[in-house]
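So this block is target37.csv, CSV, C-alpha atoms:
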chain,number,residue,atom,x,y,z
P,1,MET,CA,0.0,0.0,0.0
P,2,SER,CA,2.7,2.4,1.0
P,3,LYS,CA,4.7,1.6,-2.2
P,4,LYS,CA,1.7,2.5,-4.3
P,5,ILE,CA,1.3,5.8,-2.6
P,6,LYS,CA,5.0,6.6,-3.1
P,7,ILE,CA,4.7,5.8,-6.8
P,8,GLU,CA,1.7,8.1,-7.2
P,9,ALA,CA,3.6,10.9,-5.4
P,10,ASP,CA,6.6,10.4,-7.6
P,11,SER,CA,4.5,10.6,-10.7
P,12,SER,CA,2.8,13.8,-9.4
P,13,THR,CA,6.2,15.4,-8.7
P,14,GLU,CA,7.5,14.5,-12.2
P,15,GLU,CA,4.4,16.1,-13.8
P,16,LYS,CA,4.7,19.2,-11.6
P,17,ILE,CA,8.3,19.6,-12.8
P,18,LYS,CA,7.4,19.2,-16.4
P,19,ALA,CA,4.6,21.7,-16.1
P,20,ALA,CA,6.9,24.2,-14.4
P,21,ALA,CA,9.6,23.6,-17.1
P,22,ASN,CA,7.1,24.3,-19.8
P,23,ILE,CA,6.2,27.6,-18.2
P,24,VAL,CA,9.8,28.7,-17.7
P,25,PHE,CA,11.1,27.6,-21.1
P,26,THR,CA,8.2,29.4,-22.8
P,27,LYS,CA,8.9,32.6,-20.8
P,28,LYS,CA,12.7,32.6,-20.9
P,29,GLY,CA,13.7,30.3,-23.7
P,30,TYR,CA,16.1,27.4,-23.4
P,31,SER,CA,19.3,29.5,-23.1
P,32,GLY,CA,17.8,31.9,-20.5
P,33,THR,CA,16.5,29.2,-18.3
P,34,ARG,CA,18.3,27.7,-15.3
P,35,THR,CA,17.3,24.5,-13.6
P,36,ARG,CA,17.0,26.6,-10.4
P,37,ASP,CA,14.3,28.7,-12.1
P,38,ILE,CA,12.3,25.5,-12.9
P,39,ALA,CA,12.7,24.2,-9.4
P,40,GLU,CA,11.5,27.5,-7.9
P,41,GLU,CA,8.5,27.5,-10.3
P,42,ALA,CA,7.7,23.9,-9.3
P,43,GLY,CA,8.0,24.7,-5.6
P,44,ILE,CA,10.7,22.0,-5.0
P,45,ASN,CA,14.4,22.1,-4.2
P,46,LEU,CA,17.0,21.7,-6.9
P,47,ALA,CA,18.3,18.4,-5.7
P,48,LEU,CA,14.8,16.9,-6.2
P,49,LEU,CA,14.6,18.2,-9.7
P,50,ASN,CA,18.0,16.7,-10.5
P,51,TYR,CA,16.9,13.4,-9.1
P,52,TYR,CA,14.1,13.2,-11.7
P,53,PHE,CA,15.8,14.9,-14.6
P,54,ARG,CA,19.6,14.8,-14.8
P,55,SER,CA,20.0,18.0,-16.9
P,56,LYS,CA,18.2,21.0,-18.3
P,57,GLU,CA,18.8,19.5,-21.8
P,58,LYS,CA,17.1,16.3,-21.0
P,59,LEU,CA,14.1,18.1,-19.4
P,60,PHE,CA,13.8,20.4,-22.4
P,61,ASP,CA,13.9,17.5,-24.8
P,62,ILE,CA,11.1,15.7,-22.9
P,63,VAL,CA,8.9,18.8,-22.6
P,64,MET,CA,9.4,19.7,-26.3
P,65,MET,CA,8.6,16.2,-27.5
P,66,GLU,CA,5.4,16.1,-25.4
P,67,ASN,CA,4.4,19.5,-26.8
P,68,ILE,CA,5.0,18.3,-30.3
P,69,GLN,CA,3.1,15.1,-29.8
P,70,GLN,CA,0.2,16.9,-28.2
P,71,PHE,CA,0.0,19.4,-31.1
P,72,LEU,CA,0.2,16.6,-33.7
P,73,MET,CA,-2.6,14.6,-32.0
P,74,GLY,CA,-4.7,17.8,-32.1
P,75,ILE,CA,-4.0,18.5,-35.8
P,76,ARG,CA,-4.7,14.9,-36.8
P,77,GLY,CA,-8.4,15.6,-36.4
P,78,LEU,CA,-8.2,18.7,-38.6
P,79,LEU,CA,-6.4,16.9,-41.4
P,80,ASN,CA,-8.9,14.1,-41.4
P,81,ASN,CA,-12.0,16.3,-41.2
P,82,GLU,CA,-13.8,15.8,-44.5
P,83,ALA,CA,-16.0,18.8,-43.9
P,84,PHE,CA,-13.1,21.2,-44.6
P,85,SER,CA,-11.9,22.1,-48.1
P,86,LEU,CA,-8.2,21.8,-48.9
P,87,THR,CA,-7.7,25.6,-48.7
P,88,GLU,CA,-9.5,25.7,-45.3
P,89,LYS,CA,-7.2,23.0,-44.0
P,90,ILE,CA,-4.1,24.8,-45.2
P,91,SER,CA,-5.3,28.0,-43.5
P,92,LEU,CA,-6.1,26.2,-40.2
P,93,VAL,CA,-2.8,24.3,-40.3
P,94,ALA,CA,-0.8,27.6,-40.8
P,95,GLU,CA,-2.8,29.3,-38.0
P,96,ASN,CA,-2.3,26.4,-35.6
P,97,TYR,CA,1.4,26.1,-36.3
P,98,ILE,CA,2.0,29.9,-35.9
P,99,ASN,CA,0.0,29.9,-32.6
P,100,LEU,CA,2.1,27.0,-31.3
P,101,LEU,CA,5.4,28.6,-32.4
P,102,ARG,CA,4.6,31.9,-30.8
P,103,GLU,CA,4.1,30.0,-27.5
P,104,GLN,CA,7.1,27.7,-28.1
P,105,PRO,CA,9.7,29.7,-30.1
P,106,ASP,CA,12.5,27.3,-29.3
P,107,MET,CA,10.6,24.3,-30.8
P,108,PRO,CA,11.9,24.7,-34.4
P,109,LEU,CA,15.5,24.6,-33.3
P,110,PHE,CA,14.8,21.6,-31.1
P,111,ILE,CA,13.3,19.8,-34.0
P,112,LEU,CA,16.2,20.7,-36.3
P,113,SER,CA,18.7,19.4,-33.7
P,114,GLU,CA,16.8,16.2,-33.4
P,115,ILE,CA,16.6,15.7,-37.1
P,116,LYS,CA,20.3,16.0,-37.3
P,117,ALA,CA,21.1,13.8,-34.3
P,118,ASN,CA,18.5,11.1,-34.6
P,119,PRO,CA,15.9,11.4,-37.4
P,120,GLU,CA,14.6,7.9,-37.0
P,121,LYS,CA,13.8,8.4,-33.3
P,122,LEU,CA,12.1,11.7,-34.1
P,123,ALA,CA,10.0,10.2,-36.9
P,124,THR,CA,8.9,7.4,-34.7
P,125,ASN,CA,8.1,9.6,-31.7
P,126,MET,CA,6.2,12.1,-33.8
P,127,ASN,CA,4.4,9.5,-36.0
P,128,VAL,CA,4.5,12.1,-38.8
P,129,LYS,CA,4.3,9.6,-41.6
P,130,GLU,CA,1.0,8.2,-40.2
P,131,ILE,CA,-0.5,11.6,-39.5
P,132,LEU,CA,0.4,13.2,-42.8
P,133,LEU,CA,0.7,10.7,-45.5
P,134,LYS,CA,-2.4,8.6,-44.5
P,135,SER,CA,-4.6,11.7,-43.9
P,136,HIS,CA,-7.7,12.9,-45.8
P,137,PHE,CA,-5.6,16.1,-46.3
P,138,TYR,CA,-3.0,14.2,-48.3
P,139,ARG,CA,-5.6,12.5,-50.4
P,140,GLN,CA,-7.1,16.0,-51.2
P,141,LEU,CA,-3.7,17.2,-52.3
P,142,ASN,CA,-3.3,14.1,-54.5
P,143,GLU,CA,-6.7,14.8,-56.1
P,144,VAL,CA,-5.9,18.4,-56.9
P,145,LEU,CA,-2.4,17.6,-58.3
P,146,ASN,CA,-3.7,14.6,-60.2
P,147,GLY,CA,-0.2,13.1,-60.6
P,148,LYS,CA,1.4,16.4,-61.9
P,149,ALA,CA,3.5,16.8,-58.8
P,150,ASN,CA,4.4,15.1,-55.5
P,151,PRO,CA,2.2,16.3,-52.7
P,152,LEU,CA,5.2,16.2,-50.4
P,153,HIS,CA,6.5,19.4,-52.2
P,154,PHE,CA,3.4,21.3,-50.9
P,155,ILE,CA,3.7,19.9,-47.4
P,156,ILE,CA,7.3,21.0,-47.3
P,157,ASN,CA,6.2,24.5,-48.6
P,158,ILE,CA,3.5,24.8,-45.9
P,159,ILE,CA,5.9,23.8,-43.1
P,160,SER,CA,8.8,26.0,-44.4
P,161,LEU,CA,6.6,29.1,-44.9
P,162,THR,CA,5.3,28.7,-41.4
P,163,VAL,CA,8.4,27.6,-39.4
P,164,PHE,CA,11.3,29.4,-41.1
P,165,PRO,CA,10.4,32.9,-39.8
P,166,PHE,CA,10.7,31.6,-36.2
P,167,VAL,CA,14.0,29.9,-36.9
P,168,ALA,CA,15.4,33.0,-38.5
P,169,SER,CA,13.7,35.5,-36.2
P,170,PRO,CA,16.9,37.0,-34.7
P,171,LEU,CA,18.3,37.7,-38.2
P,172,LEU,CA,15.0,38.9,-39.6
P,173,LYS,CA,14.5,41.4,-36.7
P,174,ILE,CA,18.0,42.9,-37.5
P,175,ILE,CA,17.4,43.0,-41.3
P,176,GLY,CA,13.9,44.4,-41.0
P,177,GLU,CA,14.6,46.6,-37.9
P,178,LEU,CA,11.7,44.8,-36.2
P,179,LYS,CA,10.8,45.0,-32.6
P,180,GLN,CA,9.2,41.9,-31.1
P,181,GLU,CA,5.7,43.4,-31.5
P,182,ASP,CA,6.5,44.1,-35.2
P,183,PHE,CA,7.6,40.5,-35.7
P,184,ASP,CA,4.5,39.2,-34.0
P,185,LYS,CA,2.3,41.3,-36.3
P,186,MET,CA,4.2,40.0,-39.3
P,187,VAL,CA,3.7,36.3,-38.4
P,188,GLU,CA,0.0,37.0,-37.7
P,189,GLU,CA,-0.3,38.4,-41.2
P,190,ARG,CA,1.2,35.2,-42.6
P,191,LYS,CA,-1.8,33.2,-41.3
P,192,LYS,CA,-3.8,34.8,-44.1
P,193,MET,CA,-1.0,35.0,-46.7
P,194,ILE,CA,0.3,31.4,-46.5
P,195,PRO,CA,-3.0,29.8,-47.8
P,196,VAL,CA,-3.1,32.3,-50.7
P,197,TRP,CA,0.5,31.4,-51.7
P,198,ILE,CA,0.0,27.7,-51.5
P,199,ASP,CA,-3.3,28.0,-53.4
P,200,ALA,CA,-1.5,29.9,-56.2
P,201,MET,CA,1.2,27.2,-56.3
P,202,LEU,CA,-1.4,24.4,-56.6
P,203,LYS,CA,-3.1,26.3,-59.5
P,204,THR,CA,0.1,26.3,-61.5
P,205,HIS,CA,0.2,22.5,-61.6

Write-out of the structure in structure tokens:
Amino acid sequence: MSKKIKIEADSSTEEKIKAAANIVFTKKGYSGTRTRDIAEEAGINLALLNYYFRSKEKLFDIVMMENIQQFLMGIRGLLNNEAFSLTEKISLVAENYINLLREQPDMPLFILSEIKANPEKLATNMNVKEILLKSHFYRQLNEVLNGKANPLHFIINIISLTVFPFVASPLLKIIGELKQEDFDKMVEERKKMIPVWIDAMLKTH
């Protein structure tokens, strides 16, 4: 009986740490976050945090992967919703991605580092092949293209148009002399622009 209670308490502490890490990473970014900040947010001592998660890097990886999986599970329903047109889905995908990346600006760099370090593990954990290539959305793309182009080109374009501004944001802010609020306004505008661009690309094939 006591063993069961201890396990439940341990699980609760672990979830509390992950929730605190999510808050602090979102607020300060990976480089600006200290493990002590996470411990304080969770209301625990640093030694206990280190007992559950050996390093800031490991905790960041776990939190980011869980956020990605949660997002993909949410978007799966959208991609398979037969009530939406292809254009509506592209618009909603862009909107959802931009909302996520505004909340988790370190996520693209995390994904890029994982792609370089261990692409097979990332593909398995994210289950992207199942979510994208077997979706109603993918079938809609195929129907529109009618064999004239590989639908993967357009999936790459949607992801690139959505994600790249966040990856390059430090450089873009310098080049465009943008404050954070200016950058936020720009990416909000892209929610409407990306579907128009993708639609124009589809019409040329």

Q: Would you please work out which residue, of P:Val24, P:Ile115, P:Ile158, P:Val93, is nearest to Ile75 (chain P) when using all atoms listed in the file?
A: P:Val93

Q.
Residues within 10 Å of Met126 (chain P), please, as a list in words. Count only C-alpha atoms; anything in the same chain fewer than 5 positions from it doesn't count.
A.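 The contact residues come out as Met65, Glu66, Ile68, Gln69, Gln70, Phe71, Leu72, Met73, Glu120, Lys121 and Ile131 of chain P.
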
Q. Which polymer residues, protein or nucleic acid, are no farther than 12 Å from (-0.5, 16.4, -41.8), counting only C-alpha atoms, as a ChimeraX atom specification?
A. /P:71-81,86,89-90,92-94,96-97,126-141,151-152,154-156,158-159

Q | Atomic distance CA of Ser85 (chain P) - CA of Glu103 (chain P), expressed in Å with one decimal | A |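 Atom-to-atom, CA of Ser85 (chain P) to CA of Glu103 (chain P), that is 27.3 Å.
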
Q: Please indicate the distance in Å from CA of Pro105 (chain P) to CA of Lys58 (chain P), rounded to one decimal place.
A: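 Pair CA of Pro105 (chain P) / CA of Lys58 (chain P) returns 17.8 Å.
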
Q. What lies within 6 Å of region 38-49 of chain P using all atoms listed in the file, ignoring chain neighbours under 4 positions off, as a PyMOL selection string?
A. chain P and resi 17+20-21
